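As structure tokens, the structure follows; a few thoughts come after it.
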Amino acid sequence: MADVPHTRGPGQPPAPPAALNLELLVHGVGGTTAEAMLDDPRTVRVTGDDTAGLHRRAVDADAEERPAQYAGRPVPEAYCWSGLTSGNGARALWLVLLPFMIVNLAHWMRPAAARTHPAHRVYSVLVRLVALSLTVLLVAAACEVALDLVAWQCAGSVRCAAGTGWLSFLAEDNGGWWSVPGRRLVVAALLPLAVAALLWWLSRRTWDAYESAPPPHRSPALAKPADEDGPPLSLPGFWFGRRLVQRLRAAHTAAALLTVTSALQAATAQYDVRQDGALPALGAALGALGAVGWAAVLAVVVRRGRSEAVADERTDPPAVRRLPQAALVLLALTVVHTSWERPGWHAEGRLPGTGYFAVSSVTQGVLVAALAATALVLHRRAPEGHRSALHGLGGAAVALLACLLGGLLSGGVAQRVADTLGPGAPAAALPGPPVVLTWQAAVIPVVVLAAAVFAAVGAVRVRRQGRRLVPDIARGYPDERADDPVRSGRIAAAIARAGTTDSVPVLVGTVAVLTAVLGAGAVAGALFSGRAPERAVEGAPAPLTAVAELAQGVGSWLMGALVVLLVATGRRAYRDAGARRTVGILWDVGTFWPRAAHPFAPPCYAERAVPDLTWRMSTWTELTGGRLVISGHSQGSVLAAAAVWQLDPRTRRQVALLTYGSPLERLYGRWFPACFGPGALHGLARQVDHWRNLWRLTDPIGGPVKVAGVDQGPLPDPRTYGRTPRDPLPAPVLGHGDYQDDSCFAEERAELLARLGTRTPPGPDTPPGGRTPADGATSPRPGRTGEDGGAPPATGRAARPPRAAERPRTGPAQGSAGRSSG
């Protein structure tokens, strides 16, 4: 008998429409296209713009109107955000901001003590002061080049000015109107002013584009008050730092202008102090106003940090916002005062006031030491079980490296300009840059040599570790004859190389310690000897003199080479979109965090991306009532987790999280423990409806999140050891890429969608992983092994290597990542 279709009788309610499922894909670093993420050449953008948008396959554009056709499979939707970091050619200018980006990271590396601990405020203030010193250092370097080397030393030297035609109108022996020392300095001040204007323009431009995306408004019935003890990334105002960036931008712009002002005032003070009349009195008054301006800048920087409990959309008082204008007025008055003709004033030696570089080095050293002490206090108050890079000193080490890079850039520019002012002016004909820069150049080869030795030793250790893993590889493929030593060696080497990522803290710590010790020695040598290294050892044995000359020469060359490399990279990135995407990888990793310490750092793309994802998940689930899996690879998994943290509780019950190749615990958990430590990740597992994380031993970036019931892996890589009917050609080692090609990916996604909404709300007796027996996630499923243990799979496909071959913790350098997939 044929089946009779069921028909709805009179008065019966209509059958509910089938619920639609959505998979929201978020790609990782380096960017990709919507066509590659969706595996379809015909895609359409459903919302967003060219910078960041949501895309679907053309056939799925109107999926919400026909949900019944998608029964049993989700609608794929791709969020492409690579335009936020590698868009137009202006991104190439961000290379100048590299020290600012690094010091901004130090703010977020604070240990995971309770946020109410008073040392948190001290830590934040110290990082902001280090950031301010870097702004002053960069502008002071421009002043050193333009005011001292060009306008004071070269224009005041007959030999140098004669060999540099473009300086003829400023030459002191020319006798023209511009040949007066003060007026030469005013003309030269245009260069540091241009640097300050560029920094302000970049910050203002990105502030309008990136810090303008507000978080979604939560309804009063669903919104929860900010939990001061909860994960920081769940706070409503975490991704809306518009007010702080505006305040710090005003302070740093004023500081840049005051640096130029102070350089001009210091140059005239040496002459005016020996004179009588109105000119010295005016100079003293301008100096007092400059001191007031510096006090105001420090007060703004120290007074208040981020406001994360609420989305703060207020503006600061006019007194704060008008700081740059006040500094500009003071600069204009100083320019008039400096331009005044002073009888008998001639350029001799170095420009007065160039001792800033020694003072800056000492100041930065004191600030970093205080930062390290504060970090240790916070680290001791951190919850038990937190794993922090360098025992809580990661932020201090990174801040010191930012100072090192800032010193390299400033010293490198000064050294190159001093060496190449003109064919008629070799370096010996001029006093040259400040002595402290020469000493700092002399210690750079030692740091580079130590890092090279460390890398070589690490490479040897990785090679030995790979050889030790070879016998274990065969046991991971019980269904195949795994007896090829070459194949086993390649797999073991991939696992060993992937483990080098865990040794990066040791390398960073080593370079930071060497930088601190040698930097202190360089400052001491400059202050006590007052001469360059090769002159300070005059009369010493010939080998010592030769070593000093070699170190200074090589260091000066390395400093200049770094500047040339950055300029060449920026030029290529400006013209070549492919090179711009490569540079964009650096920004993908370094600019995830909001600008909390330095307003001139490259902008935080997450302040646009996280609200985009949060808005999409909130509005789509509310409009359709469907279920959603947000699927993130690599850095995309960090964005996905951050967006889930921002959802209200009701929306979270309709959302599952799937991460793969994720650095959430391995990198972010170690370097940023306050935001991604064990407590935060366990809290995320409790808050989201369901979460699965896929990882491989060969992945140098991703790893387990170490939350019970979440990790599934390590996945076998390569998929098969040798040739099989399913893979007649040798399978490649995928490492960090192509997770979606693994059959486990589709299985986990289907299970997440099937189990959405079935989880029991967490209660006081919920285990740390947030999984209850009803979830069926407290033990691994048959045929799979998670972090909880269990037997290796035996499913006819290649099994993973045994736990004896777990990721090694050796080697100093990070392995290369595979192709990034959506």
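Simple scheme: letters A, B, ... for chains in structure tokens order, numbers from 1 for residues in each chain, numbers from 1 for ligands in the order shown.
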Tell me which protein, DNA and RNA residues are within 10 Å of Ala369 in chain A, counting only C-alpha atoms, leaving out same-chain ones fewer than 3 positions away, and put them as an MDAnalysis selection string.
-> chainID A and resid 126 363:366 372:375 396:397 400 516
Given the selection you just returned, output its residues as a file containing all heavy atoms, formatted as a short mmCIF file (atom, residue, chain, number, x, y, z; two decimals), in the first residue's frame.
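The result, stored in again_33.cif:
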```cif
data_model
loop_
_atom_site.label_atom_id
_atom_site.label_comp_id
_atom_site.auth_asym_id
_atom_site.auth_seq_id
_atom_site.Cartn_x
_atom_site.Cartn_y
_atom_site.Cartn_z
N LEU A 126 52.67 53.00 33.98
CA LEU A 126 54.06 52.83 33.58
C LEU A 126 54.18 52.52 32.08
O LEU A 126 55.06 53.05 31.40
CB LEU A 126 54.72 51.72 34.40
CG LEU A 126 54.96 52.04 35.88
CD1 LEU A 126 55.43 50.80 36.62
CD2 LEU A 126 56.00 53.16 36.02
N THR A 363 65.84 57.07 31.55
CA THR A 363 64.43 57.14 31.94
C THR A 363 63.69 55.87 31.54
O THR A 363 62.92 55.30 32.32
CB THR A 363 63.77 58.37 31.30
OG1 THR A 363 64.46 59.55 31.72
CG2 THR A 363 62.30 58.47 31.70
N GLN A 364 63.91 55.43 30.31
CA GLN A 364 63.23 54.21 29.86
C GLN A 364 63.68 53.01 30.66
O GLN A 364 62.86 52.13 30.98
CB GLN A 364 63.51 54.00 28.37
CG GLN A 364 62.80 55.00 27.47
CD GLN A 364 63.13 54.80 26.00
OE1 GLN A 364 64.12 54.16 25.66
NE2 GLN A 364 62.33 55.37 25.13
N GLY A 365 64.95 52.94 31.01
CA GLY A 365 65.41 51.83 31.84
C GLY A 365 64.76 51.81 33.20
O GLY A 365 64.36 50.74 33.69
N VAL A 366 64.61 52.99 33.81
CA VAL A 366 63.95 53.06 35.12
C VAL A 366 62.49 52.66 35.01
O VAL A 366 61.96 51.91 35.85
CB VAL A 366 64.10 54.48 35.70
CG1 VAL A 366 63.24 54.64 36.95
CG2 VAL A 366 65.55 54.78 36.02
N ALA A 372 58.67 45.90 35.51
CA ALA A 372 58.97 44.52 35.86
C ALA A 372 58.63 44.23 37.32
O ALA A 372 58.06 43.17 37.63
CB ALA A 372 60.44 44.22 35.59
N ALA A 373 58.96 45.15 38.22
CA ALA A 373 58.64 44.94 39.63
C ALA A 373 57.13 44.88 39.84
O ALA A 373 56.63 44.04 40.60
CB ALA A 373 59.24 46.07 40.46
N THR A 374 56.38 45.74 39.18
CA THR A 374 54.92 45.72 39.29
C THR A 374 54.35 44.43 38.73
O THR A 374 53.40 43.85 39.29
CB THR A 374 54.32 46.92 38.55
OG1 THR A 374 54.94 48.13 39.01
CG2 THR A 374 52.82 47.02 38.79
N ALA A 375 54.91 43.96 37.62
CA ALA A 375 54.43 42.70 37.03
C ALA A 375 54.66 41.53 37.96
O ALA A 375 53.82 40.62 38.06
CB ALA A 375 55.12 42.47 35.69
N ALA A 396 57.14 43.48 30.51
CA ALA A 396 58.34 44.30 30.70
C ALA A 396 59.38 44.00 29.62
O ALA A 396 60.04 44.92 29.11
CB ALA A 396 58.91 44.04 32.09
N ALA A 397 59.55 42.72 29.28
CA ALA A 397 60.51 42.36 28.23
C ALA A 397 60.11 42.95 26.88
O ALA A 397 60.96 43.47 26.15
CB ALA A 397 60.62 40.84 28.13
N LEU A 400 60.76 46.67 26.81
CA LEU A 400 62.18 46.94 26.61
C LEU A 400 62.59 46.73 25.16
O LEU A 400 63.38 47.51 24.60
CB LEU A 400 63.01 46.02 27.52
CG LEU A 400 64.52 46.25 27.53
CD1 LEU A 400 64.85 47.66 28.00
CD2 LEU A 400 65.22 45.23 28.42
N ALA A 516 69.14 45.01 28.24
CA ALA A 516 69.21 45.78 29.48
C ALA A 516 70.65 45.94 29.96
O ALA A 516 71.10 47.04 30.31
CB ALA A 516 68.36 45.11 30.56
#
```
Among range 460-645 of chain A, which residues carry a DSSP assignment of strand (DSSP E), reported as a list in words?
->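 Put together, the selection reads Arg627, Leu628, Val629, Ile630, Ser631, Gly632 and His633 of chain A.
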Shortest interatomic distance to His346 in chain A - which of A:Pro611, A:Gly407, A:Gly509, A:Gly182, counting only C-alpha atoms |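 Checking each of A:Pro611, A:Gly407, A:Gly509, A:Gly182 against His346 in chain A, counting only C-alpha atoms, the winner is A:Gly182.
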Tell me which of A:Trp439, A:Leu22, A:Thr43, A:Gly287 sits closest to Gly72 in chain A, counting only C-alpha atoms.
-> A:Leu22
With a distance cut-off of 12 Å and only C-alpha atoms, select the neighbouring residues of Gly722 in chain A, excluding the residue or stretch itself and same-chain residues fewer than 2 positions from it, and output the selection as a ChimeraX atom specification.
-> /A:474,477,479-488,491,717-720,724-733,797-798
Using the selection just defined, write its residues with N, CA and C atoms as a short mmCIF file (atom, residue, chain, number, x, y, z; two decimals), in the first residue's frame.
```cif
data_model
loop_
_atom_site.label_atom_id
_atom_site.label_comp_id
_atom_site.auth_asym_id
_atom_site.auth_seq_id
_atom_site.Cartn_x
_atom_site.Cartn_y
_atom_site.Cartn_z
N ALA A 474 55.51 5.63 13.52
CA ALA A 474 54.86 4.43 12.96
C ALA A 474 53.70 3.98 13.81
N TYR A 477 50.10 5.10 12.95
CA TYR A 477 49.43 4.62 11.75
C TYR A 477 49.33 3.10 11.82
N ASP A 479 47.14 0.98 10.86
CA ASP A 479 46.53 0.30 9.73
C ASP A 479 47.41 0.30 8.49
N GLU A 480 48.61 0.90 8.59
CA GLU A 480 49.49 0.97 7.43
C GLU A 480 50.87 0.44 7.82
N ARG A 481 51.62 0.11 6.81
CA ARG A 481 53.01 -0.30 7.02
C ARG A 481 53.89 0.95 6.99
N ALA A 482 54.19 1.48 8.16
CA ALA A 482 54.91 2.75 8.28
C ALA A 482 56.38 2.46 8.57
N ASP A 483 57.12 2.06 7.55
CA ASP A 483 58.51 1.70 7.76
C ASP A 483 59.46 2.48 6.86
N ASP A 484 59.00 3.61 6.31
CA ASP A 484 59.85 4.44 5.46
C ASP A 484 60.58 5.45 6.33
N PRO A 485 61.89 5.33 6.52
CA PRO A 485 62.59 6.26 7.41
C PRO A 485 62.56 7.71 6.93
N VAL A 486 62.53 7.90 5.60
CA VAL A 486 62.49 9.27 5.08
C VAL A 486 61.15 9.91 5.39
N ARG A 487 60.06 9.17 5.15
CA ARG A 487 58.72 9.69 5.43
C ARG A 487 58.56 9.95 6.92
N SER A 488 58.97 9.02 7.74
CA SER A 488 58.87 9.21 9.19
C SER A 488 59.70 10.39 9.65
N ILE A 491 57.85 13.69 8.92
CA ILE A 491 56.74 13.94 9.85
C ILE A 491 57.28 14.33 11.22
N ASP A 717 48.28 14.04 10.94
CA ASP A 717 48.84 14.87 9.89
C ASP A 717 50.23 14.32 9.56
N PRO A 718 50.45 13.81 8.36
CA PRO A 718 49.53 13.76 7.23
C PRO A 718 48.38 12.77 7.45
N ARG A 719 47.38 12.90 6.61
CA ARG A 719 46.19 12.07 6.79
C ARG A 719 46.50 10.60 6.65
N THR A 720 47.36 10.24 5.70
CA THR A 720 47.79 8.85 5.54
C THR A 720 49.31 8.83 5.46
N THR A 724 47.41 4.88 -0.36
CA THR A 724 46.24 4.06 -0.04
C THR A 724 45.22 4.21 -1.16
N PRO A 725 44.21 3.32 -1.21
CA PRO A 725 43.16 3.48 -2.23
C PRO A 725 42.48 4.84 -2.14
N ARG A 726 42.35 5.38 -0.95
CA ARG A 726 41.73 6.70 -0.80
C ARG A 726 42.68 7.81 -1.20
N ASP A 727 43.97 7.67 -0.89
CA ASP A 727 44.99 8.66 -1.23
C ASP A 727 46.10 7.97 -2.01
N PRO A 728 45.92 7.81 -3.31
CA PRO A 728 46.93 7.10 -4.10
C PRO A 728 48.25 7.86 -4.21
N LEU A 729 48.22 9.17 -3.97
CA LEU A 729 49.45 9.96 -3.96
C LEU A 729 49.79 10.33 -2.51
N PRO A 730 51.07 10.55 -2.22
CA PRO A 730 51.44 10.86 -0.84
C PRO A 730 50.72 12.10 -0.31
N ALA A 731 50.16 11.97 0.87
CA ALA A 731 49.45 13.09 1.49
C ALA A 731 50.46 14.07 2.09
N PRO A 732 50.23 15.37 1.95
CA PRO A 732 51.19 16.35 2.48
C PRO A 732 51.00 16.57 3.98
N VAL A 733 52.04 17.10 4.59
CA VAL A 733 51.94 17.56 5.97
C VAL A 733 51.33 18.96 5.93
N ARG A 797 41.40 5.10 8.77
CA ARG A 797 42.22 6.20 8.30
C ARG A 797 43.40 6.33 9.24
N ALA A 798 44.34 7.16 8.90
CA ALA A 798 45.55 7.26 9.71
C ALA A 798 45.23 7.76 11.09
#
```
Please identify which residues in range 547-745 of chain A DSSP calls helix (DSSP H, G or I) from the backbone, and express them as a PyMOL selection string.
-> chain A and resi 547-575+577-590+606-624+635-645+649-652+664-671+673-676+678-687+739-741+743-745
Selection: 6 Å around Leu658 in chain A, only C-alpha atoms, excl. self and same-chain fewer than 2 positions, as a ChimeraX atom specification | /A:631,691-693
Residues near range 266-273 of chain A, cut-off 12 Å, only C-alpha atoms, skip fewer than 2 positions along chain, as a PyMOL selection string | chain A and resi 143-144+147-148+151-152+181-186+258-264+275-287+290+334-348+350-356
